[in-house]
$ cat start_33.cif   # mmCIF, C-alpha atoms
data_coords
#
loop_
_atom_site.label_atom_id
_atom_site.label_comp_id
_atom_site.auth_asym_id
_atom_site.auth_seq_id
_atom_site.Cartn_x
_atom_site.Cartn_y
_atom_site.Cartn_z
CA MET Z 28 10.12 4.81 0.79
CA MET Z 29 6.86 6.57 -0.07
CA ASP Z 30 5.66 3.71 -2.28
CA VAL Z 31 5.37 1.44 0.76
CA GLY Z 32 1.57 1.71 0.63
CA LEU Z 33 1.47 0.60 -3.01
CA LYS Z 34 3.75 -2.34 -2.30
CA ALA Z 35 1.71 -3.32 0.77
CA TRP Z 36 -1.48 -3.36 -1.34
CA ALA Z 37 0.26 -5.49 -3.95
CA GLU Z 38 1.29 -7.88 -1.18
CA LEU Z 39 -2.30 -8.01 0.11
CA VAL Z 40 -3.78 -8.74 -3.33
CA GLN Z 41 -1.08 -11.37 -3.95
CA ARG Z 42 -1.92 -12.98 -0.60
CA ILE Z 43 -5.59 -13.39 -1.57
CA TYR Z 44 -5.20 -13.98 -5.32
CA PRO Z 45 -1.73 -15.54 -5.80
CA GLU Z 46 -2.25 -16.26 -9.52
CA LEU Z 47 -3.55 -12.79 -10.44
CA PRO Z 48 -1.05 -10.53 -12.27
CA ILE Z 49 -0.58 -7.07 -10.73
CA LEU Z 50 -0.13 -3.93 -12.84
CA ARG Z 51 1.57 -0.84 -11.41
CA ASP Z 52 2.59 0.98 -14.60
CA ARG Z 53 -0.12 3.52 -15.44
CA SER Z 54 0.99 4.00 -19.06
CA LEU Z 55 0.70 0.27 -19.85
CA TRP Z 56 -2.66 0.16 -18.14
CA LEU Z 57 -4.02 3.15 -20.07
CA ALA Z 58 -2.72 1.65 -23.34
CA GLY Z 59 -4.49 -1.63 -22.54
CA GLN Z 60 -1.28 -3.64 -22.84
CA PHE Z 61 -1.93 -6.22 -20.14
CA ASP Z 62 -3.25 -9.74 -19.76
CA ARG Z 63 -6.68 -10.50 -18.36
CA PRO Z 64 -7.61 -11.23 -15.60
CA SER Z 65 -5.42 -8.79 -13.73
CA VAL Z 66 -5.54 -5.98 -11.19
CA PHE Z 67 -4.22 -2.44 -11.55
CA ILE Z 68 -3.15 -0.70 -8.32
CA GLU Z 69 -2.59 3.02 -7.92
CA THR Z 70 -2.14 5.09 -4.74
CA ASP Z 71 -2.48 8.81 -4.21
CA LEU Z 72 -1.10 10.71 -1.21
CA VAL Z 73 -3.75 12.65 0.74
CA SER Z 74 -1.71 13.86 3.72
CA ASP Z 75 1.59 13.32 5.48
CA LYS Z 76 1.63 14.63 9.05
CA ALA Z 77 4.01 14.19 11.95
CA HIS Z 78 2.40 11.77 14.39
CA THR Z 79 5.25 11.46 16.88
CA PRO Z 80 8.90 12.59 16.68
CA ARG Z 81 9.76 9.14 15.28
CA ALA Z 82 6.73 8.46 13.01
CA ASP Z 83 4.62 10.13 10.34
CA ARG Z 84 0.95 9.33 9.73
CA ILE Z 85 0.45 8.80 6.01
CA ILE Z 86 -3.09 8.98 4.62
CA GLU Z 87 -3.55 7.75 1.05
CA ASP Z 88 -6.26 6.74 -1.38
CA VAL Z 89 -5.86 3.50 -3.29
CA GLY Z 90 -7.64 2.42 -6.44
CA LEU Z 91 -7.83 -1.25 -7.34
CA VAL Z 92 -9.18 -2.07 -10.79
CA PHE Z 93 -9.95 -5.77 -11.14
CA HIS Z 94 -10.12 -6.60 -14.87
CA TYR Z 95 -12.25 -9.61 -15.73
CA ASP Z 96 -11.24 -12.44 -18.03
CA ILE Z 97 -12.88 -12.58 -21.46
CA ASP Z 98 -14.71 -15.75 -22.50
CA ARG Z 99 -13.37 -16.69 -25.95
CA SER Z 100 -15.32 -19.91 -26.41
CA GLY Z 101 -17.53 -18.52 -29.16
CA ASP Z 102 -16.69 -17.40 -32.69
CA GLU Z 103 -16.93 -13.71 -31.83
CA ASP Z 104 -13.81 -11.56 -31.63
CA ALA Z 105 -14.67 -10.14 -28.22
CA GLY Z 106 -16.35 -12.54 -25.85
CA GLU Z 107 -18.38 -11.86 -22.74
CA PRO Z 108 -16.48 -10.82 -19.59
CA VAL Z 109 -16.27 -13.50 -16.90
CA PRO Z 110 -16.55 -11.67 -13.54
CA LEU Z 111 -13.82 -12.23 -11.00
CA ASP Z 112 -15.11 -13.37 -7.61
CA LEU Z 113 -14.17 -10.56 -5.21
CA SER Z 114 -15.93 -12.05 -2.19
CA PRO Z 115 -12.65 -13.59 -0.83
CA PHE Z 116 -11.07 -10.13 -0.94
CA PHE Z 117 -13.86 -8.40 0.99
CA LEU Z 118 -14.23 -11.37 3.35
CA TYR Z 119 -10.52 -11.18 4.21
CA LEU Z 120 -10.79 -7.44 4.93
CA ARG Z 121 -13.84 -8.00 7.17
CA GLN Z 122 -12.09 -10.83 9.02
CA GLN Z 123 -9.12 -8.55 9.65
CA ARG Z 124 -11.54 -5.77 10.71
CA PHE Z 125 -10.11 -3.54 7.98
CA CYS Z 126 -6.71 -3.44 9.75
CA VAL Z 127 -4.27 -5.40 7.61
CA VAL Z 128 -0.63 -5.94 8.56
CA SER Z 129 1.95 -6.05 5.80
CA GLN Z 130 4.26 -8.91 6.71
CA ARG Z 131 6.94 -7.74 4.31
CA PHE Z 132 7.03 -4.00 5.06
CA GLY Z 133 6.09 -3.98 8.77
CA ILE Z 134 3.21 -1.50 8.52
CA MET Z 135 -0.43 -1.82 9.45
CA LEU Z 136 -2.97 -0.46 6.99
CA VAL Z 137 -6.03 1.00 8.72
CA ILE Z 138 -8.65 0.90 5.98
CA GLU Z 139 -11.91 2.82 5.70
CA ALA Z 140 -15.03 1.39 4.06
CA PRO Z 141 -14.63 0.65 0.33
CA ARG Z 142 -16.41 2.33 -2.55
CA THR Z 143 -17.07 0.05 -5.50
CA ARG Z 144 -18.00 0.76 -9.07
CA LEU Z 145 -19.11 -2.09 -11.31
CA LEU Z 146 -18.41 -1.68 -15.01
CA ASN Z 147 -18.90 -4.08 -17.92
CA ASP Z 148 -15.41 -5.61 -17.96
CA ARG Z 149 -13.99 -4.58 -14.59
CA MET Z 150 -14.70 -3.70 -10.97
CA GLU Z 151 -13.18 -0.54 -9.50
CA VAL Z 152 -12.64 -0.51 -5.73
CA THR Z 153 -11.34 2.56 -3.90
CA PHE Z 154 -10.28 2.86 -0.27
CA ARG Z 155 -8.88 5.56 1.97
CA TYR Z 156 -6.34 4.15 4.39
CA SER Z 157 -3.63 5.28 6.75
CA TYR Z 158 -0.45 3.88 8.24
CA LEU Z 159 2.44 5.01 10.41
CA LEU Z 160 5.80 5.35 8.70
CA ASN Z 161 8.91 5.09 10.88
CA ILE Z 162 11.38 7.97 10.67
CA PRO Z 163 14.93 6.77 11.24
CA LYS Z 164 16.64 8.49 14.13
CA PRO Z 165 19.70 10.42 12.97
CA ALA Z 166 22.96 9.19 14.44
CA ALA Z 167 24.19 11.59 17.09
CA GLU Z 168 27.85 11.84 17.93
CA LYS Z 169 28.41 10.97 21.57
CA ILE Z 170 30.72 13.00 23.76
CA ASN Z 171 32.97 10.71 25.75
CA ILE Z 172 35.67 13.16 26.90
CA PHE Z 173 34.87 16.09 29.16
CA TYR Z 174 37.17 18.90 30.15
CA THR Z 175 36.74 20.73 33.43
CA GLU Z 176 38.53 23.73 34.81
CA TYR Z 177 39.67 23.71 38.44
CA ASP Z 178 42.04 26.17 40.08
CA GLY Z 179 42.71 27.79 36.71
CA LYS Z 180 43.87 24.51 35.13
CA GLU Z 181 42.05 22.37 32.58
CA HIS Z 182 41.53 18.71 33.56
CA GLU Z 183 40.32 15.81 31.45
CA SER Z 184 37.52 13.75 32.97
#

$ encode --input "start_33.cif" --output "structure tokens"
Amino acid sequence: MMDVGLKAWAELVQRIYPELPILRDRSLWLAGQFDRPSVFIETDLVSDKAHTPRADRIIEDVGLVFHYDIDRSGDEDAGEPVPLDLSPFFLYLRQQRFCVVSQRFGIMLVIEAPRTRLLNDRMEVTFRYSYLLNIPKPAAEKINIFYTEYDGKEHES
């Protein structure tokens, strides 16, 4: 259940960019075995604290790496990167006031301001965010039969 944050971010990216492939496997990403354009998503747990008896507050960092498509129109082997327009992504976050609800997982991501890093063939975006994770209540056995003692005899109530 701890990968709920990762899945919620994948849902969010898929909501904004439905045609963009999403990578979650770090080894494939490091080996460069993926199609372009695509996005790599990785989360890292910062803290997990009890918020209420029935919920934990999870704070995580997420890294989104948007890989640009390569223009192969020329005769060169490696063409120029074609930047992916990330304005719809940031516009959506601003419209939601950086509080995004995952429709599939039932959590609300409270997102802090992003940090971006522009590289030649990709854009790296990192966020710190938090959400409340429900803790299922353990089933307690109910007592339906009570025994009382009156005048030295045991009676069932």

$ resolve_selection --input "start_33.cif" --expression "the PyMOL selection byres ((chain Z and resi 156) around 7)" --output "list in words"
Ile86, Glu87, Asp88, Leu136, Val137, Ile138, Glu139, Phe154, Arg155 and Ser157 of chain Z

$ write_last_selection --input "start_33.cif" --atoms "C-alpha atoms" --output "PDB file, keeping the file's coordinate frame"
ATOM      1  CA  ILE Z  86      -3.090   8.980   4.620  1.00  0.00           C
ATOM      2  CA  GLU Z  87      -3.550   7.750   1.050  1.00  0.00           C
ATOM      3  CA  ASP Z  88      -6.260   6.740  -1.380  1.00  0.00           C
ATOM      4  CA  LEU Z 136      -2.970  -0.460   6.990  1.00  0.00           C
ATOM      5  CA  VAL Z 137      -6.030   1.000   8.720  1.00  0.00           C
ATOM      6  CA  ILE Z 138      -8.650   0.900   5.980  1.00  0.00           C
ATOM      7  CA  GLU Z 139     -11.910   2.820   5.700  1.00  0.00           C
ATOM      8  CA  PHE Z 154     -10.280   2.860  -0.270  1.00  0.00           C
ATOM      9  CA  ARG Z 155      -8.880   5.560   1.970  1.00  0.00           C
ATOM     10  CA  SER Z 157      -3.630   5.280   6.750  1.00  0.00           C
TER      11      SER Z 157
END

$ resolve_selection --input "start_33.cif" --expression "the PyMOL selection byres ((chain Z and resi 43-60) around 12)" --output "count of residues only"
38

$ axis_aligned_box --input "start_33.cif" --around "region 83-98 of chain Z" --padding-each-side "5 Å" --output "JSON"
{"center_x": -5.0, "center_y": -2.8, "center_z": -6.1, "size_x": 29.3, "size_y": 35.9, "size_z": 42.8}

$ atom_distance --input "start_33.cif" --atom1 "CA of Ile162 (chain Z)" --atom2 "CA of Asp71 (chain Z)"
20.4 Å

$ closest_residue --input "start_33.cif" --among "Z:Arg131, Z:Lys164, Z:Arg124, Z:Arg142" --to "Arg81 (chain Z)" --atoms "all atoms listed in the file"
Z:Lys164

$ atom_distance --input "start_33.cif" --atom1 "CA of Val127 (chain Z)" --atom2 "CA of Ala35 (chain Z)"
9.3 Å

$ atom_distance --input "start_33.cif" --atom1 "CA of Asp98 (chain Z)" --atom2 "CA of Glu151 (chain Z)"
20.1 Å

$ residues_around --input "start_33.cif" --residues "Lys76 (chain Z)" --least-positions-apart "5" --cutoff "7 Å" --atoms "all atoms listed in the file" --output "list in words"
Asp83, Arg84 and Ile85 of chain Z

$ write_last_selection --input "start_33.cif" --atoms "C-alpha atoms" --output "PDB file, in the coordinates of the input"
ATOM      1  CA  ASP Z  83       4.620  10.130  10.340  1.00  0.00           C
ATOM      2  CA  ARG Z  84       0.950   9.330   9.730  1.00  0.00           C
ATOM      3  CA  ILE Z  85       0.450   8.800   6.010  1.00  0.00           C
TER       4      ILE Z  85
END

$ closest_residue --input "start_33.cif" --among "Z:Thr143, Z:Arg149, Z:Ala82, Z:Asp178" --to "Pro163 (chain Z)" --atoms "all atoms listed in the file"
Z:Ala82

$ build_atoms --input "start_33.cif" --residues "region 117-139 of chain Z" --atoms "N, CA, C and O atoms" --output "tab-separated table (two decimals), in the coordinates of the input"
chain	number	residue	atom	x	y	z
Z	117	PHE	N	-13.09	-9.15	-0.01
Z	117	PHE	CA	-13.86	-8.40	0.99
Z	117	PHE	C	-14.03	-9.21	2.28
Z	117	PHE	O	-14.05	-8.63	3.37
Z	118	LEU	N	-14.14	-10.52	2.17
Z	118	LEU	CA	-14.23	-11.37	3.35
Z	118	LEU	C	-12.95	-11.28	4.18
Z	118	LEU	O	-13.00	-11.17	5.41
Z	119	TYR	N	-11.80	-11.29	3.51
Z	119	TYR	CA	-10.52	-11.18	4.21
Z	119	TYR	C	-10.43	-9.84	4.94
Z	119	TYR	O	-10.00	-9.79	6.09
Z	120	LEU	N	-10.83	-8.76	4.28
Z	120	LEU	CA	-10.79	-7.44	4.93
Z	120	LEU	C	-11.72	-7.38	6.14
Z	120	LEU	O	-11.37	-6.81	7.17
Z	121	ARG	N	-12.91	-7.98	6.02
Z	121	ARG	CA	-13.84	-8.00	7.17
Z	121	ARG	C	-13.28	-8.85	8.31
Z	121	ARG	O	-13.41	-8.49	9.48
Z	122	GLN	N	-12.68	-9.98	7.97
Z	122	GLN	CA	-12.09	-10.83	9.02
Z	122	GLN	C	-10.97	-10.12	9.75
Z	122	GLN	O	-10.78	-10.31	10.95
Z	123	GLN	N	-10.22	-9.31	9.05
Z	123	GLN	CA	-9.12	-8.55	9.65
Z	123	GLN	C	-9.61	-7.24	10.27
Z	123	GLN	O	-8.79	-6.46	10.76
Z	124	ARG	N	-10.91	-7.00	10.19
Z	124	ARG	CA	-11.54	-5.77	10.71
Z	124	ARG	C	-10.95	-4.52	10.07
Z	124	ARG	O	-10.73	-3.50	10.72
Z	125	PHE	N	-10.64	-4.64	8.79
Z	125	PHE	CA	-10.11	-3.54	7.98
Z	125	PHE	C	-8.81	-2.96	8.55
Z	125	PHE	O	-8.51	-1.80	8.34
Z	126	CYS	N	-8.05	-3.80	9.28
Z	126	CYS	CA	-6.71	-3.44	9.75
Z	126	CYS	C	-5.78	-4.57	9.31
Z	126	CYS	O	-5.71	-5.61	9.96
Z	127	VAL	N	-5.08	-4.35	8.21
Z	127	VAL	CA	-4.27	-5.40	7.61
Z	127	VAL	C	-2.80	-5.10	7.84
Z	127	VAL	O	-2.34	-3.99	7.58
Z	128	VAL	N	-2.06	-6.10	8.30
Z	128	VAL	CA	-0.63	-5.94	8.56
Z	128	VAL	C	0.14	-6.45	7.35
Z	128	VAL	O	-0.10	-7.55	6.87
Z	129	SER	N	1.06	-5.63	6.87
Z	129	SER	CA	1.95	-6.05	5.80
Z	129	SER	C	3.11	-6.81	6.44
Z	129	SER	O	3.88	-6.25	7.21
Z	130	GLN	N	3.21	-8.09	6.12
Z	130	GLN	CA	4.26	-8.91	6.71
Z	130	GLN	C	5.63	-8.53	6.16
Z	130	GLN	O	6.63	-8.63	6.85
Z	131	ARG	N	5.68	-8.05	4.95
Z	131	ARG	CA	6.94	-7.74	4.31
Z	131	ARG	C	7.48	-6.36	4.68
Z	131	ARG	O	8.68	-6.17	4.81
Z	132	PHE	N	6.58	-5.38	4.85
Z	132	PHE	CA	7.03	-4.00	5.06
Z	132	PHE	C	6.83	-3.52	6.49
Z	132	PHE	O	7.21	-2.41	6.82
Z	133	GLY	N	6.20	-4.32	7.35
Z	133	GLY	CA	6.09	-3.98	8.77
Z	133	GLY	C	5.19	-2.79	9.06
Z	133	GLY	O	5.45	-2.07	10.02
Z	134	ILE	N	4.17	-2.57	8.25
Z	134	ILE	CA	3.21	-1.50	8.52
Z	134	ILE	C	1.82	-2.10	8.64
Z	134	ILE	O	1.56	-3.19	8.14
Z	135	MET	N	0.96	-1.38	9.34
Z	135	MET	CA	-0.43	-1.82	9.45
Z	135	MET	C	-1.31	-0.80	8.72
Z	135	MET	O	-1.30	0.38	9.04
Z	136	LEU	N	-2.06	-1.29	7.74
Z	136	LEU	CA	-2.97	-0.46	6.99
Z	136	LEU	C	-4.30	-0.40	7.72
Z	136	LEU	O	-4.92	-1.43	7.96
Z	137	VAL	N	-4.72	0.79	8.11
Z	137	VAL	CA	-6.03	1.00	8.72
Z	137	VAL	C	-6.93	1.51	7.60
Z	137	VAL	O	-6.76	2.63	7.11
Z	138	ILE	N	-7.89	0.67	7.20
Z	138	ILE	CA	-8.65	0.90	5.98
Z	138	ILE	C	-10.06	1.36	6.30
Z	138	ILE	O	-10.71	0.80	7.18
Z	139	GLU	N	-10.52	2.37	5.57
Z	139	GLU	CA	-11.91	2.82	5.70
Z	139	GLU	C	-12.79	1.97	4.78
Z	139	GLU	O	-12.29	1.16	4.00
